[in-house]
file work_0.tsv (TSV, C-alpha atoms)
chain	number	residue	atom	x	y	z
A	1	MET	CA	4.05	20.36	-5.85
A	2	LEU	CA	1.31	18.13	-4.38
A	3	TYR	CA	-1.38	20.23	-6.01
A	4	GLU	CA	0.02	19.28	-9.44
A	5	LEU	CA	-1.41	15.80	-8.82
A	6	ASP	CA	-4.92	17.20	-9.27
A	7	LYS	CA	-4.00	17.99	-12.88
A	8	LEU	CA	-3.31	14.35	-13.74
A	9	ASN	CA	-5.84	12.55	-15.91
A	10	LEU	CA	-6.84	10.18	-13.11
A	11	LYS	CA	-10.17	9.61	-11.41
A	12	ARG	CA	-8.66	9.02	-7.96
A	13	ILE	CA	-5.36	9.22	-6.14
A	14	ARG	CA	-4.85	6.98	-3.13
A	15	ILE	CA	-1.72	6.46	-1.03
A	16	SER	CA	-1.53	2.73	-0.42
A	17	SER	CA	0.66	3.00	2.69
A	18	ILE	CA	2.53	5.87	4.33
A	19	GLU	CA	4.68	6.00	7.45
A	20	PRO	CA	3.11	8.15	10.19
A	21	ASN	CA	6.09	10.49	10.43
A	22	LEU	CA	5.64	11.36	6.72
A	23	VAL	CA	1.99	12.49	7.02
A	24	ASN	CA	2.53	16.23	7.36
A	25	GLN	CA	0.13	19.15	7.35
A	26	GLN	CA	0.76	19.76	3.64
A	27	ILE	CA	-0.55	16.27	2.81
A	28	ILE	CA	-3.54	16.73	5.11
A	29	ASP	CA	-4.38	20.11	3.55
A	30	PHE	CA	-4.10	18.62	0.06
A	31	ALA	CA	-6.34	15.69	1.01
A	32	LYS	CA	-8.95	18.16	2.30
A	33	SER	CA	-8.96	20.34	-0.83
A	34	SER	CA	-8.32	17.86	-3.65
A	35	ASP	CA	-11.12	16.53	-5.84
A	36	LYS	CA	-9.09	13.40	-6.62
A	37	PHE	CA	-7.22	12.54	-3.43
A	38	CYS	CA	-9.08	9.83	-1.53
A	39	ASN	CA	-10.11	10.43	2.07
A	40	HIS	CA	-8.35	7.22	3.06
A	41	PHE	CA	-4.98	6.60	4.67
A	42	HIS	CA	-3.23	3.32	5.47
A	43	ILE	CA	-0.71	4.10	8.18
A	44	PRO	CA	1.47	1.37	9.72
A	45	LEU	CA	1.62	1.39	13.53
A	46	GLN	CA	3.10	-2.07	14.27
A	47	SER	CA	2.55	-1.84	18.05
A	48	GLY	CA	0.59	0.23	20.53
A	49	ASP	CA	3.10	-0.45	23.29
A	50	ALA	CA	5.87	2.11	23.88
A	51	GLU	CA	8.58	-0.44	24.76
A	52	THR	CA	7.76	-2.69	21.80
A	53	LEU	CA	7.85	0.29	19.42
A	54	LYS	CA	11.26	1.20	20.82
A	55	GLY	CA	12.47	-2.38	20.26
A	56	MET	CA	11.20	-2.20	16.67
A	57	ARG	CA	13.16	1.05	16.22
A	58	ARG	CA	10.12	2.88	14.90
A	59	ARG	CA	10.61	6.59	14.22
A	60	TYR	CA	7.56	7.70	16.19
A	61	LYS	CA	5.91	7.23	19.55
A	62	LYS	CA	2.39	5.99	20.13
A	63	GLU	CA	1.34	9.45	21.37
A	64	TYR	CA	2.41	10.94	18.03
A	65	TYR	CA	0.46	8.25	16.20
A	66	SER	CA	-2.66	8.86	18.27
A	67	ASP	CA	-2.46	12.62	17.70
A	68	LEU	CA	-2.10	12.05	13.95
A	69	VAL	CA	-5.13	9.73	13.74
A	70	HIS	CA	-7.27	12.17	15.73
A	71	ARG	CA	-6.11	15.10	13.58
A	72	LEU	CA	-7.00	13.22	10.38
A	73	ASN	CA	-10.46	12.48	11.80
A	74	ASP	CA	-10.92	16.11	12.82
A	75	GLU	CA	-9.74	17.62	9.55
A	76	ILE	CA	-10.84	15.22	6.79
A	77	LYS	CA	-14.53	14.47	6.39
A	78	ASP	CA	-15.45	10.76	6.65
A	79	VAL	CA	-11.80	9.70	6.55
A	80	GLY	CA	-11.05	5.97	6.55
A	81	ILE	CA	-7.86	4.88	8.32
A	82	GLY	CA	-6.29	1.45	8.07
A	83	VAL	CA	-3.52	0.28	10.40
A	84	ASP	CA	-0.79	-2.37	10.14
A	85	VAL	CA	0.05	-4.11	13.40
A	86	ILE	CA	2.45	-6.94	14.25
A	87	VAL	CA	1.84	-9.39	17.11
A	88	GLY	CA	4.44	-11.59	18.77
A	89	PHE	CA	7.49	-9.37	18.34
A	90	PRO	CA	10.25	-10.56	20.71
A	91	GLY	CA	9.63	-9.21	24.19
A	92	GLU	CA	5.89	-8.70	23.64
A	93	THR	CA	4.59	-9.85	27.01
A	94	GLU	CA	0.88	-10.29	27.70
A	95	GLU	CA	0.88	-6.83	29.29
A	96	ARG	CA	2.49	-5.25	26.22
A	97	PHE	CA	-0.01	-6.99	23.96
A	98	GLN	CA	-2.85	-5.66	26.14
A	99	ASN	CA	-1.37	-2.16	25.78
A	100	THR	CA	-1.61	-2.57	22.00
A	101	PHE	CA	-5.15	-3.92	22.17
A	102	GLU	CA	-6.35	-1.07	24.39
A	103	PHE	CA	-4.57	1.56	22.31
A	104	LEU	CA	-6.16	0.28	19.08
A	105	SER	CA	-9.57	-0.12	20.73
A	106	GLU	CA	-9.65	3.57	21.57
A	107	LEU	CA	-8.40	4.88	18.22
A	108	PRO	CA	-10.95	6.11	15.63
A	109	ILE	CA	-9.75	3.81	12.84
A	110	SER	CA	-11.64	1.74	10.25
A	111	TYR	CA	-9.74	-1.57	10.08
A	112	LEU	CA	-6.50	-3.41	10.90
A	113	HIS	CA	-4.08	-5.48	8.87
A	114	VAL	CA	-2.72	-7.95	11.42
A	115	PHE	CA	0.58	-9.77	10.94
A	116	SER	CA	2.28	-12.36	13.12
A	117	TYR	CA	5.96	-11.73	13.71
A	118	SER	CA	8.15	-14.24	11.88
A	119	GLU	CA	11.85	-14.69	12.49
A	120	ARG	CA	14.17	-13.51	9.74
A	121	ARG	CA	17.85	-14.33	9.70
A	122	ASP	CA	20.39	-11.53	9.96
A	123	THR	CA	18.00	-9.09	11.64
A	124	ASP	CA	18.40	-7.52	15.07
A	125	ALA	CA	15.07	-9.00	16.16
A	126	ALA	CA	16.25	-12.53	15.35
A	127	VAL	CA	18.69	-12.44	18.28
A	128	MET	CA	16.43	-10.65	20.77
A	129	THR	CA	15.29	-12.41	23.91
A	130	GLY	CA	11.66	-12.94	24.83
A	131	SER	CA	10.49	-15.00	21.87
A	132	VAL	CA	6.70	-15.39	21.80
A	133	ASP	CA	5.30	-18.88	21.33
A	134	ILE	CA	3.79	-19.42	17.86
A	135	GLU	CA	0.44	-20.55	19.31
A	136	GLU	CA	0.35	-17.37	21.40
A	137	ARG	CA	1.06	-15.31	18.26
A	138	LYS	CA	-1.90	-17.01	16.56
A	139	LYS	CA	-4.14	-16.29	19.54
A	140	ARG	CA	-3.13	-12.61	19.60
A	141	SER	CA	-3.65	-12.32	15.83
A	142	HIS	CA	-7.13	-13.74	16.23
A	143	ILE	CA	-7.96	-11.24	18.98
A	144	LEU	CA	-6.84	-8.29	16.86
A	145	ARG	CA	-8.64	-9.59	13.77
A	146	ARG	CA	-11.86	-9.68	15.79
A	147	LEU	CA	-11.17	-6.11	16.87
A	148	SER	CA	-10.65	-5.22	13.20
A	149	ASP	CA	-14.02	-6.75	12.31
A	150	LYS	CA	-15.66	-4.66	15.03
A	151	LYS	CA	-13.92	-1.47	13.87
A	152	ARG	CA	-14.86	-2.12	10.23
A	153	PHE	CA	-18.50	-2.82	11.15
A	154	GLU	CA	-18.71	0.39	13.18
A	155	PHE	CA	-17.11	2.44	10.39
A	156	TYR	CA	-19.28	0.95	7.62
A	157	SER	CA	-22.42	1.41	9.76
A	158	ARG	CA	-21.88	5.16	9.81
A	159	PHE	CA	-22.62	5.26	6.08
A	160	VAL	CA	-25.68	3.01	5.89
A	161	GLY	CA	-28.36	4.88	3.92
A	162	SER	CA	-25.92	7.47	2.56
A	163	GLU	CA	-24.98	8.03	-1.07
A	164	GLN	CA	-21.32	7.44	-1.91
A	165	GLU	CA	-19.30	7.62	-5.09
A	166	VAL	CA	-18.02	4.14	-5.94
A	167	LEU	CA	-15.26	3.24	-8.36
A	168	PHE	CA	-16.18	-0.25	-9.60
A	169	GLU	CA	-13.19	-2.52	-10.16
A	170	SER	CA	-14.64	-5.91	-11.00
A	171	GLU	CA	-17.73	-7.78	-12.09
A	172	LYS	CA	-18.43	-11.34	-10.96
A	173	GLU	CA	-21.58	-13.24	-11.90
A	174	ASN	CA	-24.41	-10.74	-11.29
A	175	PHE	CA	-22.45	-8.42	-9.00
A	176	ARG	CA	-20.12	-5.45	-9.39
A	177	GLU	CA	-17.59	-4.63	-6.70
A	178	GLY	CA	-15.75	-1.43	-5.97
A	179	LEU	CA	-14.57	1.03	-3.36
A	180	THR	CA	-15.75	4.35	-2.03
A	181	THR	CA	-13.19	7.14	-1.63
A	182	ASN	CA	-12.77	6.21	2.05
A	183	TYR	CA	-12.18	2.52	1.26
A	184	ILE	CA	-15.54	0.96	1.96
A	185	ARG	CA	-16.00	-2.11	-0.22
A	186	VAL	CA	-19.34	-2.04	-2.05
A	187	LYS	CA	-21.03	-4.97	-3.76
A	188	THR	CA	-24.13	-4.42	-5.85
A	189	THR	CA	-26.13	-6.08	-8.57
A	190	ALA	CA	-24.92	-4.92	-11.98
A	191	GLN	CA	-28.43	-3.95	-13.13
A	192	TYR	CA	-28.59	-1.26	-10.41
A	193	ALA	CA	-25.07	0.11	-10.89
A	194	ASP	CA	-24.54	3.26	-12.93
call {"tool": "encode", "arguments": {"input": "work_0.tsv", "output": "structure tokens"}}
result
Amino acid sequence: MLYELDKLNLKRIRISSIEPNLVNQQIIDFAKSSDKFCNHFHIPLQSGDAETLKGMRRRYKKEYYSDLVHRLNDEIKDVGIGVDVIVGFPGETEERFQNTFEFLSELPISYLHVFSYSERRDTDAAVMTGSVDIEERKKRSHILRRLSDKKRFEFYSRFVGSEQEVLFESEKENFREGLTTNYIRVKTTAQYAD
């Protein structure tokens, strides 16, 4: 069924976001063999702390997530992996936040999307104890955004001097912007773009 996607009249196919428990071997095999499927995955994690994940009622454990990220890196050439993470979930102590920071630091990923937890009425989390101060949430967001910058720089640096196929999406002033198949944003002068 997946292989039918290669027959579509599209230049590229990219999954914008997929839960980790849905990334199976069939999807990985298709990503490896497809001419159109991008070597990029955006996979929400939310927390790198076991207790926080349990409180969030996620359907996976951090060990499963780590194994998946390493498998993608092992099996798909130059894969880019983005991660969603939430800071300040009720009960996220400093130690639990540090668990998340250390877990993400060690993962071979390309960038993070960092969100601060915000209370929503009529949710289980809204009545949980251990609310995290808003200023502390901002501080933790800042720390993880700096980690994301570091991860992105390291990932992008691997491709300096290489040739990549870029799908240009916009033109502003004298520049064209687009993305490689593994989600590296490229900006170039229009006169040099093909």
call {"tool": "residues_around", "arguments": {"input": "work_0.tsv", "residues": "His142 (chain A)", "least_positions_apart": "5", "cutoff": "9 Å", "atoms": "only C-alpha atoms", "output": "tab-separated table (two decimals) with C-alpha atoms, keeping the file's coordinate frame"}}
result
chain	number	residue	atom	x	y	z
A	114	VAL	CA	-2.72	-7.95	11.42
A	137	ARG	CA	1.06	-15.31	18.26
A	147	LEU	CA	-11.17	-6.11	16.87
call {"tool": "atom_distance", "arguments": {"input": "work_0.tsv", "atom1": "CA of Gly82 (chain A)", "atom2": "CA of Tyr111 (chain A)"}}
result
5.0 Å
call {"tool": "closest_residue", "arguments": {"input": "work_0.tsv", "among": "A:Asp67, A:Asp78, A:Glu135, A:Asp84", "to": "Ile184 (chain A)", "atoms": "all atoms listed in the file"}}
result
A:Asp78
call {"tool": "closest_residue", "arguments": {"input": "work_0.tsv", "among": "A:Glu63, A:Glu177, A:Glu75, A:Glu165", "to": "Lys11 (chain A)", "atoms": "all atoms listed in the file"}}
result
A:Glu165
call {"tool": "closest_residue", "arguments": {"input": "work_0.tsv", "among": "A:Tyr64, A:Asp35, A:Ser131, A:Arg152", "to": "Glu19 (chain A)", "atoms": "only C-alpha atoms"}}
result
A:Tyr64
call {"tool": "atom_distance", "arguments": {"input": "work_0.tsv", "atom1": "CA of Leu107 (chain A)", "atom2": "CA of Arg158 (chain A)"}}
result
15.9 Å
call {"tool": "closest_residue", "arguments": {"input": "work_0.tsv", "among": "A:Asn99, A:Gly88, A:Ser162, A:Thr181", "to": "Lys138 (chain A)", "atoms": "only C-alpha atoms"}}
result
A:Gly88
call {"tool": "closest_residue", "arguments": {"input": "work_0.tsv", "among": "A:Ile143, A:Gly48, A:Phe175, A:Lys36", "to": "Asn9 (chain A)", "atoms": "all atoms listed in the file"}}
result
A:Lys36
call {"tool": "residues_around", "arguments": {"input": "work_0.tsv", "residues": "Leu104 (chain A)", "least_positions_apart": "3", "cutoff": "10 Å", "atoms": "all atoms listed in the file", "output": "list in words"}}
result
Leu45, Ser47, Gly48, Ser66, Val83, Val85, Gln98, Asn99, Thr100, Phe101, Leu107, Pro108, Ile109, Tyr111, Leu112, Leu144, Leu147, Ser148 and Lys151 of chain A
call {"tool": "atom_distance", "arguments": {"input": "work_0.tsv", "atom1": "CA of Lys7 (chain A)", "atom2": "CA of Ala31 (chain A)"}}
result
14.3 Å
call {"tool": "closest_residue", "arguments": {"input": "work_0.tsv", "among": "A:Asp29, A:Gln46, A:Cys38, A:Phe153", "to": "Phe115 (chain A)", "atoms": "only C-alpha atoms"}}
result
A:Gln46
call {"tool": "decode", "arguments": {"input": "work_0.tsv", "residues": "region 45-144 of chain A", "atoms": "C-alpha atoms", "output": "PDB file, in the first residue's frame"}}
result
ATOM      1  CA  LEU A  45       8.522  13.022  22.341  1.00  0.00           C
ATOM      2  CA  GLN A  46       7.076  15.555  24.843  1.00  0.00           C
ATOM      3  CA  SER A  47       9.393  14.523  27.701  1.00  0.00           C
ATOM      4  CA  GLY A  48      12.586  12.566  28.226  1.00  0.00           C
ATOM      5  CA  ASP A  49      11.631  11.706  31.799  1.00  0.00           C
ATOM      6  CA  ALA A  50       9.894   8.365  32.441  1.00  0.00           C
ATOM      7  CA  GLU A  51       7.591   9.648  35.205  1.00  0.00           C
ATOM      8  CA  THR A  52       6.550  12.732  33.233  1.00  0.00           C
ATOM      9  CA  LEU A  53       5.779  10.600  30.169  1.00  0.00           C
ATOM     10  CA  LYS A  54       3.634   8.369  32.360  1.00  0.00           C
ATOM     11  CA  GLY A  55       1.784  11.421  33.703  1.00  0.00           C
ATOM     12  CA  MET A  56       1.198  12.583  30.127  1.00  0.00           C
ATOM     13  CA  ARG A  57      -0.233   9.135  29.316  1.00  0.00           C
ATOM     14  CA  ARG A  58       2.044   8.722  26.322  1.00  0.00           C
ATOM     15  CA  ARG A  59       1.843   5.355  24.564  1.00  0.00           C
ATOM     16  CA  TYR A  60       5.592   4.750  24.587  1.00  0.00           C
ATOM     17  CA  LYS A  61       8.558   4.797  26.923  1.00  0.00           C
ATOM     18  CA  LYS A  62      11.696   6.847  26.466  1.00  0.00           C
ATOM     19  CA  GLU A  63      13.713   3.673  25.803  1.00  0.00           C
ATOM     20  CA  TYR A  64      11.420   2.858  22.875  1.00  0.00           C
ATOM     21  CA  TYR A  65      11.828   6.397  21.561  1.00  0.00           C
ATOM     22  CA  SER A  66      15.612   6.237  21.829  1.00  0.00           C
ATOM     23  CA  ASP A  67      15.728   2.882  20.032  1.00  0.00           C
ATOM     24  CA  LEU A  68      13.540   4.285  17.240  1.00  0.00           C
ATOM     25  CA  VAL A  69      15.720   7.382  16.725  1.00  0.00           C
ATOM     26  CA  HIS A  70      18.886   5.271  16.628  1.00  0.00           C
ATOM     27  CA  ARG A  71      17.289   2.804  14.203  1.00  0.00           C
ATOM     28  CA  LEU A  72      16.251   5.634  11.864  1.00  0.00           C
ATOM     29  CA  ASN A  73      19.811   6.992  11.948  1.00  0.00           C
ATOM     30  CA  ASP A  74      21.245   3.537  11.268  1.00  0.00           C
ATOM     31  CA  GLU A  75      18.880   2.650   8.435  1.00  0.00           C
ATOM     32  CA  ILE A  76      18.154   5.904   6.575  1.00  0.00           C
ATOM     33  CA  LYS A  77      21.046   7.823   5.053  1.00  0.00           C
ATOM     34  CA  ASP A  78      21.417  11.429   6.286  1.00  0.00           C
ATOM     35  CA  VAL A  79      18.044  11.317   8.049  1.00  0.00           C
ATOM     36  CA  GLY A  80      16.837  14.502   9.736  1.00  0.00           C
ATOM     37  CA  ILE A  81      14.760  14.072  12.892  1.00  0.00           C
ATOM     38  CA  GLY A  82      12.767  16.810  14.589  1.00  0.00           C
ATOM     39  CA  VAL A  83      11.312  16.427  18.083  1.00  0.00           C
ATOM     40  CA  ASP A  84       8.426  18.091  19.933  1.00  0.00           C
ATOM     41  CA  VAL A  85       8.999  18.574  23.653  1.00  0.00           C
ATOM     42  CA  ILE A  86       6.900  20.213  26.378  1.00  0.00           C
ATOM     43  CA  VAL A  87       8.424  21.899  29.441  1.00  0.00           C
ATOM     44  CA  GLY A  88       6.641  22.690  32.688  1.00  0.00           C
ATOM     45  CA  PHE A  89       4.131  19.842  32.715  1.00  0.00           C
ATOM     46  CA  PRO A  90       2.690  19.469  36.242  1.00  0.00           C
ATOM     47  CA  GLY A  91       5.092  17.510  38.415  1.00  0.00           C
ATOM     48  CA  GLU A  92       8.145  18.318  36.269  1.00  0.00           C
ATOM     49  CA  THR A  93      10.708  18.883  39.002  1.00  0.00           C
ATOM     50  CA  GLU A  94      14.178  20.234  38.270  1.00  0.00           C
ATOM     51  CA  GLU A  95      15.463  16.650  38.314  1.00  0.00           C
ATOM     52  CA  ARG A  96      12.837  15.520  35.797  1.00  0.00           C
ATOM     53  CA  PHE A  97      13.661  18.457  33.547  1.00  0.00           C
ATOM     54  CA  GLN A  98      17.358  17.536  33.751  1.00  0.00           C
ATOM     55  CA  ASN A  99      16.430  13.976  32.740  1.00  0.00           C
ATOM     56  CA  THR A 100      14.771  15.407  29.632  1.00  0.00           C
ATOM     57  CA  PHE A 101      17.717  17.681  28.861  1.00  0.00           C
ATOM     58  CA  GLU A 102      20.238  14.847  29.187  1.00  0.00           C
ATOM     59  CA  PHE A 103      18.099  12.442  27.170  1.00  0.00           C
ATOM     60  CA  LEU A 104      17.743  14.943  24.310  1.00  0.00           C
ATOM     61  CA  SER A 105      21.418  15.919  24.482  1.00  0.00           C
ATOM     62  CA  GLU A 106      22.447  12.342  23.774  1.00  0.00           C
ATOM     63  CA  LEU A 107      19.956  11.643  20.978  1.00  0.00           C
ATOM     64  CA  PRO A 108      21.110  11.961  17.339  1.00  0.00           C
ATOM     65  CA  ILE A 109      18.397  14.439  16.325  1.00  0.00           C
ATOM     66  CA  SER A 110      18.485  17.589  14.181  1.00  0.00           C
ATOM     67  CA  TYR A 111      16.263  20.090  16.028  1.00  0.00           C
ATOM     68  CA  LEU A 112      13.580  20.580  18.687  1.00  0.00           C
ATOM     69  CA  HIS A 113      10.205  22.274  18.720  1.00  0.00           C
ATOM     70  CA  VAL A 114       9.872  23.452  22.314  1.00  0.00           C
ATOM     71  CA  PHE A 115       6.514  24.246  23.902  1.00  0.00           C
ATOM     72  CA  SER A 116       5.694  25.523  27.380  1.00  0.00           C
ATOM     73  CA  TYR A 117       2.886  23.685  29.103  1.00  0.00           C
ATOM     74  CA  SER A 118      -0.265  25.796  29.372  1.00  0.00           C
ATOM     75  CA  GLU A 119      -3.238  24.930  31.530  1.00  0.00           C
ATOM     76  CA  ARG A 120      -6.382  23.860  29.706  1.00  0.00           C
ATOM     77  CA  ARG A 121      -9.709  23.511  31.450  1.00  0.00           C
ATOM     78  CA  ASP A 122     -11.365  20.102  31.626  1.00  0.00           C
ATOM     79  CA  THR A 123      -8.125  18.155  31.183  1.00  0.00           C
ATOM     80  CA  ASP A 124      -6.600  15.694  33.634  1.00  0.00           C
ATOM     81  CA  ALA A 125      -3.417  17.777  33.767  1.00  0.00           C
ATOM     82  CA  ALA A 126      -5.358  20.862  34.878  1.00  0.00           C
ATOM     83  CA  VAL A 127      -6.059  19.272  38.274  1.00  0.00           C
ATOM     84  CA  MET A 128      -2.638  17.663  38.786  1.00  0.00           C
ATOM     85  CA  THR A 129      -0.414  18.800  41.627  1.00  0.00           C
ATOM     86  CA  GLY A 130       3.090  20.141  41.146  1.00  0.00           C
ATOM     87  CA  SER A 131       2.377  23.162  38.965  1.00  0.00           C
ATOM     88  CA  VAL A 132       5.561  24.683  37.538  1.00  0.00           C
ATOM     89  CA  ASP A 133       6.021  28.435  37.887  1.00  0.00           C
ATOM     90  CA  ILE A 134       5.595  30.300  34.575  1.00  0.00           C
ATOM     91  CA  GLU A 135       9.017  31.965  34.875  1.00  0.00           C
ATOM     92  CA  GLU A 136      10.572  28.536  35.410  1.00  0.00           C
ATOM     93  CA  ARG A 137       8.770  27.253  32.298  1.00  0.00           C
ATOM     94  CA  LYS A 138      10.261  30.150  30.323  1.00  0.00           C
ATOM     95  CA  LYS A 139      13.728  29.390  31.665  1.00  0.00           C
ATOM     96  CA  ARG A 140      13.439  25.705  30.742  1.00  0.00           C
ATOM     97  CA  SER A 141      12.125  26.583  27.275  1.00  0.00           C
ATOM     98  CA  HIS A 142      15.123  28.834  26.747  1.00  0.00           C
ATOM     99  CA  ILE A 143      17.528  26.074  27.794  1.00  0.00           C
ATOM    100  CA  LEU A 144      15.983  23.586  25.363  1.00  0.00           C
TER     101      LEU A 144
END
